$ cat query10.txt   # compact mmCIF, C-alpha atoms
# COMPACT_ATOMS: atom_id res chain seq x y z
CA LYS A 1 -16.73 -3.20 209.60
CA GLY A 2 -19.46 -2.68 207.02
CA ALA A 3 -21.60 -0.78 209.51
CA GLN A 4 -18.77 1.64 210.12
CA ARG A 5 -18.13 2.20 206.43
CA GLU A 6 -21.80 2.98 205.90
CA PHE A 7 -22.06 5.34 208.90
CA ASN A 8 -24.25 8.27 207.82
CA LEU A 9 -23.72 11.20 210.17
CA ASN A 10 -26.97 13.06 209.46
CA ASP A 11 -29.05 9.89 209.71
CA ALA A 12 -27.26 8.94 212.94
CA LYS A 13 -27.86 12.36 214.47
CA GLY A 14 -31.56 12.13 213.62
CA LYS A 15 -31.95 8.67 215.16
CA LEU A 16 -30.02 9.66 218.28
CA PHE A 17 -32.16 12.77 218.67
CA GLU A 18 -35.37 10.73 218.42
CA ILE A 19 -34.21 8.24 221.04
CA LEU A 20 -32.98 10.90 223.44
CA VAL A 21 -36.00 13.20 223.12
CA GLY A 22 -38.41 10.32 223.82
CA SER A 23 -36.29 9.08 226.71
CA HIS A 24 -35.93 12.53 228.34
CA LEU A 25 -39.63 13.19 227.74
CA HIS A 26 -40.87 10.07 229.48
CA HIS A 27 -38.26 9.31 232.11
CA GLY A 28 -36.87 12.72 232.96
CA THR A 29 -33.24 13.85 233.17
CA ASN A 30 -30.68 12.91 235.83
CA GLN A 31 -28.05 15.13 237.45
CA ASN A 32 -25.58 14.30 234.66
CA GLY A 33 -27.99 15.62 232.03
CA LEU A 34 -28.81 12.15 230.68
CA PRO A 35 -32.24 10.49 230.53
CA ASN A 36 -33.04 8.26 233.49
CA ASP A 37 -34.04 5.39 231.20
CA PHE A 38 -34.80 4.61 227.57
CA LEU A 39 -38.20 4.86 225.96
CA GLU A 40 -40.47 1.99 224.98
CA HIS A 41 -39.92 0.26 221.61
CA TYR A 42 -40.90 -2.63 219.35
CA ARG A 43 -37.42 -3.72 218.26
CA ASP A 44 -36.72 -7.24 219.46
CA GLU A 45 -33.53 -7.84 217.45
CA GLU A 46 -30.31 -7.58 219.40
CA GLY A 47 -28.41 -4.47 218.41
CA LYS A 48 -31.50 -2.59 217.22
CA LYS A 49 -33.10 -1.66 220.54
CA PRO A 50 -33.01 2.06 221.46
CA GLN A 51 -30.22 1.57 223.99
CA ASP A 52 -28.16 -0.44 221.47
CA VAL A 53 -28.62 2.14 218.71
CA HIS A 54 -27.88 4.95 221.17
CA ASN A 55 -24.68 3.29 222.41
CA TYR A 56 -23.44 2.52 218.88
CA ILE A 57 -24.01 6.09 217.63
CA LYS A 58 -22.56 7.60 220.80
CA LYS A 59 -19.37 5.53 220.38
CA GLU A 60 -19.05 6.52 216.72
CA LEU A 61 -19.59 10.20 217.47
CA GLU A 62 -17.06 10.22 220.30
CA THR A 63 -14.49 8.88 217.80
CA ARG A 64 -15.45 11.01 214.83
CA ASN A 65 -16.86 14.22 216.37
CA PRO A 66 -15.85 14.69 220.04
CA GLY A 67 -18.40 16.79 221.91
CA LEU A 68 -21.20 16.25 219.38
CA TYR A 69 -22.99 13.62 221.48
CA GLU A 70 -23.17 16.00 224.46
CA GLN A 71 -24.54 18.72 222.21
CA ILE A 72 -27.26 16.51 220.71
CA ASN A 73 -28.21 15.24 224.18
CA ARG A 74 -28.52 18.83 225.45
CA HIS A 75 -30.73 19.75 222.49
CA ALA A 76 -32.83 16.62 223.09
CA SER A 77 -33.34 17.52 226.75
CA GLU A 78 -34.38 21.06 225.79
CA ALA A 79 -36.64 19.70 223.05
CA ALA A 80 -38.30 17.29 225.48
CA GLN A 81 -39.18 20.18 227.76
CA HIS A 82 -40.48 22.13 224.76
CA VAL A 83 -42.68 19.16 223.82
CA ARG A 84 -44.04 18.98 227.38
CA ASP A 85 -44.88 22.69 227.31
CA GLN A 86 -46.55 22.56 223.92
CA LEU A 87 -48.53 19.41 224.73
CA ALA A 88 -49.77 21.03 227.92
CA ALA A 89 -50.87 24.06 225.90
CA HIS A 90 -52.90 21.70 223.72
CA GLY A 91 -54.55 19.98 226.68
CA HIS A 92 -52.20 17.01 227.09
CA THR A 93 -50.85 17.20 230.62
CA LYS A 94 -50.19 13.53 231.44
CA ILE A 95 -47.61 11.48 229.55
CA LEU A 96 -48.48 7.85 230.28
CA ARG A 97 -46.43 5.99 227.63
CA THR A 98 -43.80 6.98 225.08
CA ALA A 99 -42.53 4.71 222.32
CA TRP A 100 -40.00 4.97 219.50
CA THR A 101 -42.08 4.22 216.40
CA SER A 102 -39.71 4.73 213.47
CA GLN A 103 -40.30 1.28 211.94
CA GLU A 104 -43.19 0.17 209.77
CA GLY A 105 -45.94 -1.39 211.86
CA ASP A 106 -44.94 0.34 215.10
CA HIS A 107 -47.92 2.70 215.10
CA ARG A 108 -50.39 -0.19 214.92
CA LYS A 109 -48.58 -1.97 217.74
CA PHE A 110 -48.92 1.17 219.88
CA THR A 111 -52.53 2.15 219.05
CA GLY A 112 -54.06 -1.13 217.85
CA GLU A 113 -55.18 0.64 214.66
CA ASP A 114 -53.70 1.16 211.21
CA ASP A 115 -52.80 4.77 210.46
CA GLN A 116 -51.43 4.81 206.92
CA ASN A 117 -50.55 8.53 206.92
CA SER A 118 -48.72 8.60 210.23
CA ASP A 119 -44.95 8.92 210.11
CA ALA A 120 -44.56 9.83 213.78
CA ASP A 121 -41.14 9.08 215.25
CA LEU A 122 -42.66 8.99 218.73
CA MET A 123 -46.09 7.85 219.84
CA ILE A 124 -47.26 9.17 223.19
CA GLN A 125 -50.22 8.05 225.28
CA THR A 126 -51.77 10.94 227.18
CA GLU A 127 -55.01 11.31 229.13
CA ASN A 128 -56.66 12.11 225.78
CA GLY A 129 -55.48 8.99 223.97
CA PRO A 130 -52.58 8.39 221.55
CA ILE A 131 -50.81 11.24 219.79
CA GLY A 132 -47.88 11.25 217.37
CA VAL A 133 -44.82 13.49 217.22
CA SER A 134 -42.50 13.76 214.21
CA LEU A 135 -39.03 15.10 215.01
CA LYS A 136 -36.89 17.14 212.60
CA TYR A 137 -33.33 17.98 213.62
CA GLY A 138 -30.63 19.93 211.81
CA LYS A 139 -29.37 23.26 210.50
CA ASN A 140 -31.70 23.58 207.54
CA LYS A 141 -34.26 26.36 207.71
CA ASN A 142 -36.74 24.38 205.60
CA VAL A 143 -36.73 20.77 206.76
CA ASN A 144 -37.68 17.68 204.79
CA LEU A 145 -41.21 16.84 205.90
CA ARG A 146 -41.94 13.60 204.02
CA ASN A 147 -40.40 11.20 201.48
CA PRO A 148 -43.09 10.03 199.04
CA GLY A 149 -42.16 7.02 196.93
CA LEU A 150 -42.29 6.96 193.13
CA ALA A 151 -45.65 5.15 193.06
CA SER A 152 -47.14 7.80 195.36
CA LEU A 153 -45.77 10.61 193.18
CA GLU A 154 -47.14 8.94 190.04
CA ASN A 155 -50.58 8.67 191.60
CA SER A 156 -50.61 12.26 192.89
CA ALA A 157 -49.48 13.71 189.56
CA GLY A 158 -52.00 11.67 187.57
CA LEU A 159 -49.27 9.74 185.77
CA ASN A 160 -49.58 6.22 184.46
CA SER A 161 -48.53 3.51 186.89
CA GLY A 162 -44.83 2.81 186.37
CA GLU A 163 -44.15 6.01 184.43
CA LEU A 164 -41.48 7.16 186.88
CA GLY A 165 -40.44 3.59 187.58
CA SER A 166 -39.61 3.08 183.90
CA ILE A 167 -37.18 6.04 184.04
CA ARG A 168 -35.54 4.46 187.07
CA ASP A 169 -35.37 1.06 185.40
CA ALA A 170 -33.81 2.47 182.23
CA HIS A 171 -31.15 4.14 184.38
CA TYR A 172 -30.48 0.90 186.30
CA ASN A 173 -30.20 -1.01 183.02
CA TYR A 174 -27.61 1.47 181.72
CA VAL A 175 -25.55 1.38 184.93
CA VAL A 176 -25.56 -2.43 185.19
CA ASN A 177 -25.48 -3.59 181.58
CA THR A 178 -23.56 -0.77 179.88
CA LEU A 179 -21.30 0.57 182.64
CA GLY A 180 -20.88 -2.85 184.25
CA ILE A 181 -21.58 -1.85 187.85
CA ARG A 182 -23.08 -4.98 189.39
CA ASN A 183 -24.53 -3.57 192.62
CA HIS A 184 -24.00 -0.95 195.32
CA ASP A 185 -21.04 -2.77 196.89
CA HIS A 186 -19.33 -2.93 193.49
CA TYR A 187 -20.03 0.80 193.04
CA LYS A 188 -18.31 1.50 196.38
CA GLU A 189 -15.32 -0.59 195.34
CA LEU A 190 -14.93 1.36 192.09
CA LYS A 191 -15.31 4.64 193.95
CA ALA A 192 -12.56 3.64 196.39
CA GLN A 193 -10.23 2.64 193.57
CA GLY A 194 -10.30 6.06 191.89
CA GLY A 195 -8.27 6.46 188.72
CA THR A 196 -9.97 5.09 185.62
CA SER A 197 -12.72 3.60 187.77
CA GLN A 198 -13.72 7.11 188.76
CA LYS A 199 -14.90 7.76 185.20
CA ILE A 200 -17.36 4.88 185.49
CA VAL A 201 -18.55 6.17 188.88
CA ASP A 202 -19.02 9.68 187.48
CA GLU A 203 -20.95 8.36 184.48
CA ALA A 204 -23.27 6.36 186.76
CA ASN A 205 -23.99 9.40 188.91
CA LYS A 206 -24.52 11.51 185.78
CA SER A 207 -27.12 9.00 184.61
CA ALA A 208 -28.84 9.10 188.01
CA LEU A 209 -28.97 12.90 187.91
CA ALA A 210 -30.51 12.82 184.43
CA ALA A 211 -33.14 10.37 185.70
CA GLN A 212 -33.91 12.64 188.66
CA LYS A 213 -34.43 15.63 186.35
CA MET A 214 -36.69 13.63 184.04
CA MET A 215 -38.79 12.44 186.96
CA ALA A 216 -39.10 15.96 188.39
CA LYS A 217 -40.34 17.32 185.06
CA LYS A 218 -42.81 14.45 184.68
CA VAL A 219 -44.31 15.18 188.10
CA ALA A 220 -44.38 18.96 187.54
CA ASP A 221 -46.12 18.57 184.18
CA GLY A 222 -48.57 16.09 185.68
CA LEU A 223 -49.45 18.44 188.54
CA THR A 224 -49.91 21.29 186.07
CA ALA A 225 -52.31 19.22 183.98
CA ARG A 226 -54.36 18.20 187.02
CA ALA A 227 -54.49 21.81 188.24
CA LYS A 228 -55.96 22.92 184.89
CA GLN A 229 -58.75 20.37 185.30
CA ASP A 230 -59.45 21.17 188.97
CA PRO A 231 -58.77 24.66 190.42
CA GLU A 232 -58.69 23.26 193.98
CA PHE A 233 -56.36 20.36 193.20
CA LEU A 234 -53.10 22.10 194.15
CA ARG A 235 -54.48 23.23 197.51
CA SER A 236 -55.38 19.62 198.30
CA TYR A 237 -52.06 18.34 196.99
CA VAL A 238 -50.05 20.73 199.17
CA ARG A 239 -52.19 19.89 202.21
CA ASP A 240 -51.75 16.15 201.72
CA SER A 241 -48.00 16.61 201.13
CA ILE A 242 -47.30 18.59 204.29
CA ALA A 243 -49.97 17.29 206.67
CA PRO A 244 -51.99 14.26 205.56
CA GLN A 245 -54.95 13.48 207.80
CA THR A 246 -54.06 11.00 210.54
CA LYS A 247 -56.36 9.09 212.88
CA PHE A 248 -54.68 10.53 215.95
CA GLN A 249 -53.50 14.06 216.65
CA HIS A 250 -50.07 14.54 215.13
CA PHE A 251 -47.46 17.17 216.00
CA ARG A 252 -44.21 18.09 214.29
CA LEU A 253 -41.19 19.47 216.20
CA HIS A 254 -38.41 21.24 214.32
CA ALA A 255 -35.18 21.65 216.30
CA ARG A 256 -32.96 23.93 214.24
CA THR A 257 -29.31 23.99 215.26
CA ASP A 258 -26.88 26.88 214.81
CA ASP A 259 -23.11 27.22 214.44
CA ARG A 260 -22.68 28.18 218.11
CA GLY A 261 -23.97 24.88 219.47
CA GLY A 262 -27.44 26.17 220.29
CA ALA A 263 -30.86 25.36 218.87
CA THR A 264 -34.29 26.93 218.42
CA TYR A 265 -37.55 24.97 218.52
CA HIS A 266 -40.93 25.08 216.84
CA MET A 267 -43.72 22.59 217.44
CA SER A 268 -47.15 22.58 215.84
CA ASP A 269 -50.18 20.42 215.25
CA MET A 270 -49.86 19.34 211.60
CA GLN A 271 -53.52 20.11 210.93
CA ASP A 272 -52.95 23.65 212.20
CA ASP A 273 -50.16 23.87 209.62
CA ALA A 274 -52.55 22.65 206.93
CA ALA A 275 -55.09 25.29 207.98
CA LYS A 276 -52.56 28.01 207.10
CA LEU A 277 -53.25 27.22 203.45
CA ASN A 278 -56.56 29.05 203.95
CA ASP A 279 -54.50 32.28 203.92
CA PHE A 280 -53.90 31.73 200.19
CA ASP A 281 -56.28 32.52 197.35
CA ASP A 282 -54.74 30.35 194.68
CA PHE A 283 -51.75 28.23 193.72
CA ARG A 284 -49.70 27.52 190.61
CA VAL A 285 -46.94 25.12 189.52
CA VAL A 286 -43.76 26.86 188.41
CA PRO A 287 -43.03 25.71 184.82
CA HIS A 288 -40.27 23.08 184.83
CA ASP A 289 -37.55 23.30 182.18
CA GLY A 290 -36.18 19.81 182.74
CA LYS A 291 -32.89 21.13 184.14
CA SER A 292 -33.60 20.69 187.86
CA ILE A 293 -34.38 17.83 190.24
CA THR A 294 -36.79 20.20 192.07
CA TYR A 295 -40.30 21.38 191.20
CA ARG A 296 -42.20 24.10 193.02
CA ILE A 297 -45.71 25.21 193.83
CA GLU A 298 -46.31 28.88 194.61
CA GLY A 299 -49.26 30.49 196.36
CA ARG A 300 -50.77 33.97 196.40
CA ARG A 301 -51.93 35.19 199.77
CA LYS A 302 -55.31 36.86 200.10
CA GLY A 303 -55.00 40.57 199.30
CA SER A 304 -51.61 40.17 197.62
CA ALA A 305 -50.67 40.29 193.95
CA ASP A 306 -47.44 38.37 194.48
CA TYR A 307 -46.77 34.65 194.62
CA GLU A 308 -44.42 33.02 197.14
CA PRO A 309 -42.94 29.49 197.45
CA VAL A 310 -45.32 27.16 199.28
CA LEU A 311 -44.13 23.65 198.42
CA GLU A 312 -40.77 22.49 197.09
CA GLN A 313 -40.30 18.85 196.19
CA SER A 314 -37.19 17.20 194.82
CA ILE A 315 -36.35 13.75 193.51
CA LYS A 316 -33.49 12.42 195.62
CA LYS A 317 -31.34 9.38 195.07
CA GLY A 318 -29.81 7.16 197.72
CA SER A 319 -26.13 6.96 198.63
CA GLY A 320 -25.31 5.52 195.21
CA PRO A 321 -26.76 5.31 191.67
CA LEU A 322 -28.35 1.92 192.43
CA LYS A 323 -29.84 2.77 195.82
CA GLY A 324 -33.27 4.01 194.71
CA PHE A 325 -35.18 7.25 194.30
CA ALA A 326 -37.83 9.04 196.37
CA GLY A 327 -39.23 12.50 196.94
CA ILE A 328 -38.18 15.22 199.40
CA THR A 329 -40.87 17.61 200.64
CA LYS A 330 -40.27 21.11 201.99
CA ALA A 331 -42.75 23.88 202.83
CA PRO A 332 -41.01 27.29 203.10
CA PHE A 333 -44.15 29.06 204.33
CA LEU A 334 -44.17 26.97 207.54
CA THR A 335 -40.71 28.04 208.77
CA LYS A 336 -41.08 29.44 212.28
CA VAL A 337 -39.52 29.52 215.77
CA ASP A 338 -41.36 29.42 219.10
CA LYS A 339 -39.80 32.38 220.92
CA LYS A 340 -41.91 32.09 224.06
CA ILE A 341 -40.78 29.48 226.58
CA GLY A 342 -43.31 27.59 228.65
CA SER A 343 -46.94 26.70 228.04
CA LEU A 344 -48.52 28.62 225.19
CA VAL A 345 -52.10 29.75 224.73
CA ALA A 346 -53.63 27.27 222.32
CA GLY A 347 -56.80 29.24 221.63
CA ASN A 348 -60.25 27.69 221.79
CA LYS A 349 -59.29 24.39 220.18
CA PRO A 350 -59.58 21.56 222.74
CA ALA A 351 -57.27 18.58 222.76
CA ARG A 352 -58.25 15.91 220.31
CA ARG A 353 -59.14 12.78 222.18
CA SER A 354 -59.00 9.16 221.20
CA ARG A 355 -62.13 8.01 219.39
CA LYS A 356 -62.22 5.09 221.80
CA ASN A 357 -63.04 7.48 224.64
CA LYS A 358 -66.77 7.85 224.00
CA SER A 359 -67.26 10.58 226.60
CA SER A 360 -64.63 12.82 225.05
CA LYS A 361 -65.25 15.90 222.95
CA LYS A 362 -64.29 16.08 219.32
CA SER A 363 -62.28 19.01 218.12
$ encode --input "query10.txt" --output "structure tokens"
Amino acid sequence: KGAQREFNLNDAKGKLFEILVGSHLHHGTNQNGLPNDFLEHYRDEEGKKPQDVHNYIKKELETRNPGLYEQINRHASEAAQHVRDQLAAHGHTKILRTAWTSQEGDHRKFTGEDDQNSDADLMIQTENGPIGVSLKYGKNKNVNLRNPGLASLENSAGLNSGELGSIRDAHYNYVVNTLGIRNHDHYKELKAQGGTSQKIVDEANKSALAAQKMMAKKVADGLTARAKQDPEFLRSYVRDSIAPQTKFQHFRLHARTDDRGGATYHMSDMQDDAAKLNDFDDFRVVPHDGKSITYRIEGRRKGSADYEPVLEQSIKKGSGPLKGFAGITKAPFLTKVDKKIGSLVAGNKPARRSRKNKSSKKS
């Protein structure tokens, strides 16, 4: 089956984790360690509802990686409890609704309002109104926070519209018209054939890598130019990259797995993460030599003479040379683990309430 051939383990694990965390969070856990029911959703198509996606991934994992489903479910149950504890520490003690909101338009369906910057995997209705939670799951210390598109990167770096897109298009033209690869399915066929076809596959991927490096340098040079014009530009750029302002309070949970089957958890309000940039005096773009798909921004903390990595962005390609390009965003200075279990002291900051609740306090 095509779906089976395209099975992406990391993507599947992430989706399964989202579904299970939301389901455990809202409906609780039964004596077998499974959620009592599945969370709310806006997927009407057969086969795409949370239970359908869950069942499909579970079946695939049981065939490919026995024991992995049970491990992810255990982590999801632990993560759900961690979310409850952290929400309580931030003044959210009642979970009234929980929905899987991984598709475009889901946030508006949940809140009734557009929230362009929200990429929350779960939307939760509490006594204070709607809140969002983004879930990150995996072994990586520094997780991918956001995937800006080429148009967004062009705009942020002050490039001309289509400047990155033209690099992509030139690459596509070479792959299709010179190498003769018609589309992604044809690419997969050539890859499966091996032999002389492998040379064509390798050349296509080499062209994609060259395009990625060119795009990364373009963005790095653009950011450098904008920083020279505006000393505060990089601070704003990093803030918008890691924690853009959303209409409703937005949390991010990082569940980091280890080789022993365990996991550690860290959850934070994204605007609290953005506030940590106030610890830095200034920022700079590391000069890009055109040999990497990654560009970096460093920051110097107050009272320090040294710079440290603050933001790392890369240009990624899809599962083949014709599957598109986008950014990857990582923020090394945010890496952290919540060692204390249970409700935490959230300081003097009250819970942010829905703007529809006129009697509520603003944070």
$ atom_distance --input "query10.txt" --atom1 "CA of Trp100 in chain A" --atom2 "CA of Leu122 in chain A"
4.9 Å
$ residues_around --input "query10.txt" --residues "Met267 in chain A" --least-positions-apart "3" --cutoff "7 Å" --atoms "all atoms listed in the file" --output "JSON, numbers by chain"
{"A": [251, 252, 253, 254]}
$ closest_residue --input "query10.txt" --among "A:Asn10, A:Asn173, A:Gln103, A:Thr93" --to "Lys49 in chain A" --atoms "only C-alpha atoms"
A:Gln103
$ residues_around --input "query10.txt" --residues "His41 in chain A" --least-positions-apart "2" --cutoff "12 Å" --atoms "only C-alpha atoms" --output "compact mmCIF listing (two decimals) with C-alpha atoms, in the frame of the given file"
# COMPACT_ATOMS: atom_id res chain seq x y z
CA GLU A 18 -35.37 10.73 218.42
CA ILE A 19 -34.21 8.24 221.04
CA GLY A 22 -38.41 10.32 223.82
CA SER A 23 -36.29 9.08 226.71
CA PHE A 38 -34.80 4.61 227.57
CA LEU A 39 -38.20 4.86 225.96
CA ARG A 43 -37.42 -3.72 218.26
CA ASP A 44 -36.72 -7.24 219.46
CA GLU A 45 -33.53 -7.84 217.45
CA LYS A 48 -31.50 -2.59 217.22
CA LYS A 49 -33.10 -1.66 220.54
CA PRO A 50 -33.01 2.06 221.46
CA GLN A 51 -30.22 1.57 223.99
CA ASP A 52 -28.16 -0.44 221.47
CA VAL A 53 -28.62 2.14 218.71
CA ARG A 97 -46.43 5.99 227.63
CA THR A 98 -43.80 6.98 225.08
CA ALA A 99 -42.53 4.71 222.32
CA TRP A 100 -40.00 4.97 219.50
CA THR A 101 -42.08 4.22 216.40
CA SER A 102 -39.71 4.73 213.47
CA GLN A 103 -40.30 1.28 211.94
CA GLY A 105 -45.94 -1.39 211.86
CA ASP A 106 -44.94 0.34 215.10
CA HIS A 107 -47.92 2.70 215.10
CA LYS A 109 -48.58 -1.97 217.74
CA PHE A 110 -48.92 1.17 219.88
CA ASP A 121 -41.14 9.08 215.25
CA LEU A 122 -42.66 8.99 218.73
CA MET A 123 -46.09 7.85 219.84
CA ILE A 124 -47.26 9.17 223.19
$ closest_residue --input "query10.txt" --among "A:Lys191, A:His54, A:His250, A:His90" --to "Asp119 in chain A" --atoms "all atoms listed in the file"
A:His250
$ decode --input "query10.txt" --residues "range 150-178 of chain A" --atoms "N, CA and C atoms" --output "PDB file, in the first residue's frame"
ATOM      1  N   LEU A 150       9.278  29.459   2.828  1.00  0.00           N
ATOM      2  CA  LEU A 150      10.244  30.301   2.122  1.00  0.00           C
ATOM      3  C   LEU A 150       9.787  31.752   2.057  1.00  0.00           C
ATOM      4  N   ALA A 151       8.495  31.986   1.826  1.00  0.00           N
ATOM      5  CA  ALA A 151       7.986  33.359   1.754  1.00  0.00           C
ATOM      6  C   ALA A 151       8.176  34.075   3.089  1.00  0.00           C
ATOM      7  N   SER A 152       7.952  33.364   4.182  1.00  0.00           N
ATOM      8  CA  SER A 152       8.140  33.937   5.519  1.00  0.00           C
ATOM      9  C   SER A 152       9.607  34.274   5.758  1.00  0.00           C
ATOM     10  N   LEU A 153      10.508  33.381   5.344  1.00  0.00           N
ATOM     11  CA  LEU A 153      11.940  33.630   5.517  1.00  0.00           C
ATOM     12  C   LEU A 153      12.392  34.818   4.667  1.00  0.00           C
ATOM     13  N   GLU A 154      11.876  34.905   3.451  1.00  0.00           N
ATOM     14  CA  GLU A 154      12.209  36.045   2.582  1.00  0.00           C
ATOM     15  C   GLU A 154      11.805  37.352   3.251  1.00  0.00           C
ATOM     16  N   ASN A 155      10.607  37.391   3.774  1.00  0.00           N
ATOM     17  CA  ASN A 155      10.087  38.594   4.407  1.00  0.00           C
ATOM     18  C   ASN A 155      10.913  38.979   5.633  1.00  0.00           C
ATOM     19  N   SER A 156      11.220  37.991   6.472  1.00  0.00           N
ATOM     20  CA  SER A 156      11.963  38.256   7.704  1.00  0.00           C
ATOM     21  C   SER A 156      13.374  38.755   7.418  1.00  0.00           C
ATOM     22  N   ALA A 157      14.003  38.209   6.375  1.00  0.00           N
ATOM     23  CA  ALA A 157      15.381  38.565   6.060  1.00  0.00           C
ATOM     24  C   ALA A 157      15.485  39.792   5.155  1.00  0.00           C
ATOM     25  N   GLY A 158      14.325  40.386   4.819  1.00  0.00           N
ATOM     26  CA  GLY A 158      14.347  41.571   3.984  1.00  0.00           C
ATOM     27  C   GLY A 158      14.714  41.287   2.542  1.00  0.00           C
ATOM     28  N   LEU A 159      14.475  40.070   2.096  1.00  0.00           N
ATOM     29  CA  LEU A 159      14.786  39.694   0.717  1.00  0.00           C
ATOM     30  C   LEU A 159      13.640  40.086  -0.211  1.00  0.00           C
ATOM     31  N   ASN A 160      13.925  40.103  -1.495  1.00  0.00           N
ATOM     32  CA  ASN A 160      12.870  40.351  -2.467  1.00  0.00           C
ATOM     33  C   ASN A 160      11.926  39.162  -2.507  1.00  0.00           C
ATOM     34  N   SER A 161      10.658  39.422  -2.760  1.00  0.00           N
ATOM     35  CA  SER A 161       9.685  38.339  -2.862  1.00  0.00           C
ATOM     36  C   SER A 161      10.091  37.385  -3.983  1.00  0.00           C
ATOM     37  N   GLY A 162      10.160  36.101  -3.674  1.00  0.00           N
ATOM     38  CA  GLY A 162      10.530  35.107  -4.670  1.00  0.00           C
ATOM     39  C   GLY A 162      12.019  34.851  -4.784  1.00  0.00           C
ATOM     40  N   GLU A 163      12.828  35.517  -3.960  1.00  0.00           N
ATOM     41  CA  GLU A 163      14.282  35.356  -4.061  1.00  0.00           C
ATOM     42  C   GLU A 163      14.717  33.941  -3.690  1.00  0.00           C
ATOM     43  N   LEU A 164      14.117  33.387  -2.661  1.00  0.00           N
ATOM     44  CA  LEU A 164      14.411  31.990  -2.301  1.00  0.00           C
ATOM     45  C   LEU A 164      13.648  31.046  -3.227  1.00  0.00           C
ATOM     46  N   GLY A 165      12.438  31.446  -3.583  1.00  0.00           N
ATOM     47  CA  GLY A 165      11.630  30.625  -4.477  1.00  0.00           C
ATOM     48  C   GLY A 165      12.296  30.416  -5.825  1.00  0.00           C
ATOM     49  N   SER A 166      13.050  31.412  -6.305  1.00  0.00           N
ATOM     50  CA  SER A 166      13.719  31.271  -7.599  1.00  0.00           C
ATOM     51  C   SER A 166      14.839  30.235  -7.529  1.00  0.00           C
ATOM     52  N   ILE A 167      15.492  30.122  -6.353  1.00  0.00           N
ATOM     53  CA  ILE A 167      16.521  29.087  -6.163  1.00  0.00           C
ATOM     54  C   ILE A 167      15.864  27.710  -6.203  1.00  0.00           C
ATOM     55  N   ARG A 168      14.741  27.600  -5.533  1.00  0.00           N
ATOM     56  CA  ARG A 168      13.982  26.342  -5.547  1.00  0.00           C
ATOM     57  C   ARG A 168      13.549  25.988  -6.968  1.00  0.00           C
ATOM     58  N   ASP A 169      13.024  26.967  -7.681  1.00  0.00           N
ATOM     59  CA  ASP A 169      12.510  26.700  -9.029  1.00  0.00           C
ATOM     60  C   ASP A 169      13.616  26.296  -9.991  1.00  0.00           C
ATOM     61  N   ALA A 170      14.796  26.917  -9.850  1.00  0.00           N
ATOM     62  CA  ALA A 170      15.926  26.550 -10.710  1.00  0.00           C
ATOM     63  C   ALA A 170      16.345  25.103 -10.443  1.00  0.00           C
ATOM     64  N   HIS A 171      16.310  24.712  -9.175  1.00  0.00           N
ATOM     65  CA  HIS A 171      16.619  23.326  -8.798  1.00  0.00           C
ATOM     66  C   HIS A 171      15.586  22.374  -9.398  1.00  0.00           C
ATOM     67  N   TYR A 172      14.299  22.699  -9.250  1.00  0.00           N
ATOM     68  CA  TYR A 172      13.242  21.849  -9.811  1.00  0.00           C
ATOM     69  C   TYR A 172      13.421  21.694 -11.325  1.00  0.00           C
ATOM     70  N   ASN A 173      13.720  22.807 -11.987  1.00  0.00           N
ATOM     71  CA  ASN A 173      13.889  22.786 -13.438  1.00  0.00           C
ATOM     72  C   ASN A 173      15.022  21.843 -13.840  1.00  0.00           C
ATOM     73  N   TYR A 174      16.112  21.881 -13.081  1.00  0.00           N
ATOM     74  CA  TYR A 174      17.254  21.003 -13.373  1.00  0.00           C
ATOM     75  C   TYR A 174      16.873  19.539 -13.176  1.00  0.00           C
ATOM     76  N   VAL A 175      16.194  19.242 -12.072  1.00  0.00           N
ATOM     77  CA  VAL A 175      15.830  17.858 -11.751  1.00  0.00           C
ATOM     78  C   VAL A 175      14.851  17.294 -12.785  1.00  0.00           C
ATOM     79  N   VAL A 176      13.875  18.100 -13.179  1.00  0.00           N
ATOM     80  CA  VAL A 176      12.839  17.623 -14.107  1.00  0.00           C
ATOM     81  C   VAL A 176      13.338  17.622 -15.550  1.00  0.00           C
ATOM     82  N   ASN A 177      13.874  18.744 -15.999  1.00  0.00           N
ATOM     83  CA  ASN A 177      14.184  18.901 -17.417  1.00  0.00           C
ATOM     84  C   ASN A 177      15.562  18.395 -17.821  1.00  0.00           C
ATOM     85  N   THR A 178      16.519  18.398 -16.897  1.00  0.00           N
ATOM     86  CA  THR A 178      17.860  17.902 -17.225  1.00  0.00           C
ATOM     87  C   THR A 178      18.048  16.456 -16.784  1.00  0.00           C
TER      88      THR A 178
END
